[in-house]
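K.L.:
Following this message is one structure expressed as structure tokens.
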Amino acid sequence: MIETVINIADQATALVMKYYRKADLNVELKSDASPLTQADLESHAFISAELERHFPHPVVSEEASVEYAQRKTWKTLWLVDPLDGTKDFIAATDEFTINIALIQDQSPVLGVVAVPALGLLYYAARGTGAFKRDQHGNRSKIFNNRDGKDLICAESRFHASPQTIEFCRHHSIKKVLNFGSAMKLCKIAEGEIDVYPRFKPTMEWDTAAGHCILNEGGGKLMDMVTKTEMVYNKESLVNNSFIASLNSLNFT
């Protein structure tokens, strides 16, 4: 299954890269004022069609959400963000991603995060470990073996918040790195950072794929309202504030 999903992500990568750094992206604004491009729409259409062609599970995508009345009985589903970090895409920061996650019983059991402009791909399936494929096609297992000292925090490029600054001050974190989209969760699994607090709203498709990779790479994603691991296919697809970190760290 994982190789099929990786192949789908690779083909979606080729689709969105046709539009990257183009002068006219025909940017529209959605009802929540977030940007939408043709690349978002084409990636969504392709990924959804391919997942439905290969697998029996329904798809919930950023560009095609499903009412809770219909999905509340679903035990297994796909959560897809066909272009996570559209602002990064438009600003040409190279740090937008394509996120594909399989959810079972409200937990992510498979995750693929492609970083098209950097030629990177992260992936994991429950119980098998987390992996990275570099721009040369080489694959390696990733796991955060840092000791939890001299902590490094991740912050969003476009969604920075005063709460994050205060969080770092309170926990005496001196080093903060900026990454776009779902890369932040992958960077914890990879061992480049230790913690990523998020106090501004995100959606389930923003975090699900990276959450699986994080879990398999020695980390966790804790809901700051429930004080438990983040769950999915909730009545509201909006995530609560959360803290992603090494397993050995406790901020709740």
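Here, A, B, ... name the chains of the structure tokens in the order displayed, residue numbers run from 1 inside each chain, and ligands are numbered from 1 in the same displayed order.
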Using only C-alpha atoms, what does the table of stretch 125-199 of chain A residues within 8 Å of stretch 206-213 of chain A look like, with each row giving the shortest atom pair and its distance in Å to one decimal, sorted by chain and ascending number, as a Markdown table?
P.N.:
| residue | atom | partner | partner_atom | distance |
| --- | --- | --- | --- | --- |
| A:Ala125 | CA | A:Cys212 | CA | 7.0 |
| A:Arg126 | CA | A:Cys212 | CA | 7.1 |
| A:Gly129 | CA | A:Ile213 | CA | 7.9 |
| A:Ala130 | CA | A:Ile213 | CA | 5.4 |
| A:Phe131 | CA | A:Ile213 | CA | 7.9 |
| A:Ser181 | CA | A:Asp206 | CA | 7.6 |
| A:Ala182 | CA | A:Gly210 | CA | 6.0 |
| A:Met183 | CA | A:Gly210 | CA | 7.7 |
| A:Leu185 | CA | A:Gly210 | CA | 5.4 |
| A:Cys186 | CA | A:Gly210 | CA | 6.0 |
| A:Ala189 | CA | A:Ile213 | CA | 6.7 |
K.L.:
Report the residues of stretch 15-229 of chain A whose backbone DSSP state falls under helix (DSSP H, G or I), written as a VMD selection string.
P.N.:
chain A and resid 15 to 17 38 to 54 68 to 71 86 to 91 116 to 118 162 to 170 183 to 190 204 to 216
K.L.:
I want to know what sits within 8 Å of A:Leu221, based on only C-alpha atoms, with residues of the same chain fewer than 4 positions away left out; could you give that as a list in words?
P.N.:
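Here the qualifying residues turn out to be His211, Leu214, Asn215, Glu229, Met230, Phe242, Ile243, Ala244 and Ser245 of chain A.
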K.L.:
How about saving the chosen residues, C-alpha atoms kept, as an mmCIF file, in the first residue's frame?
P.N.:
data_model
loop_
_atom_site.group_PDB
_atom_site.id
_atom_site.type_symbol
_atom_site.label_atom_id
_atom_site.label_comp_id
_atom_site.auth_asym_id
_atom_site.auth_seq_id
_atom_site.Cartn_x
_atom_site.Cartn_y
_atom_site.Cartn_z
ATOM 1 C CA HIS A 211 1.588 12.872 12.667
ATOM 2 C CA LEU A 214 6.267 11.767 13.775
ATOM 3 C CA ASN A 215 4.924 8.822 15.784
ATOM 4 C CA GLU A 229 -2.819 12.355 21.494
ATOM 5 C CA MET A 230 -4.500 14.135 18.588
ATOM 6 C CA PHE A 242 -1.257 21.215 19.890
ATOM 7 C CA ILE A 243 2.361 20.559 20.765
ATOM 8 C CA ALA A 244 4.415 18.144 18.673
ATOM 9 C CA SER A 245 7.606 16.982 20.316
#
K.L.:
Using only C-alpha atoms, which residue out of A:Pro58, A:Gly191, A:Pro108, A:Gly217 lies closest to A:Tyr232?
P.N.:
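Under the stated criterion, the closest residue is A:Pro108.
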K.L.:
Hey, what does DSSP flag as strand (DSSP E) within stretch 132-251 of chain A? Can you give it to me as a ChimeraX atom specification?
P.N.:
/A:132-133,139-142,152-156,175-179,195-198,202-203,219-223,238-239,242-246
K.L.:
Between atom CA of A:Glu235 and atom CA of A:Pro56, what is the distance, to one decimal in Å?
P.N.:
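Separation between atom CA of A:Glu235 and atom CA of A:Pro56: 22.2 Å.
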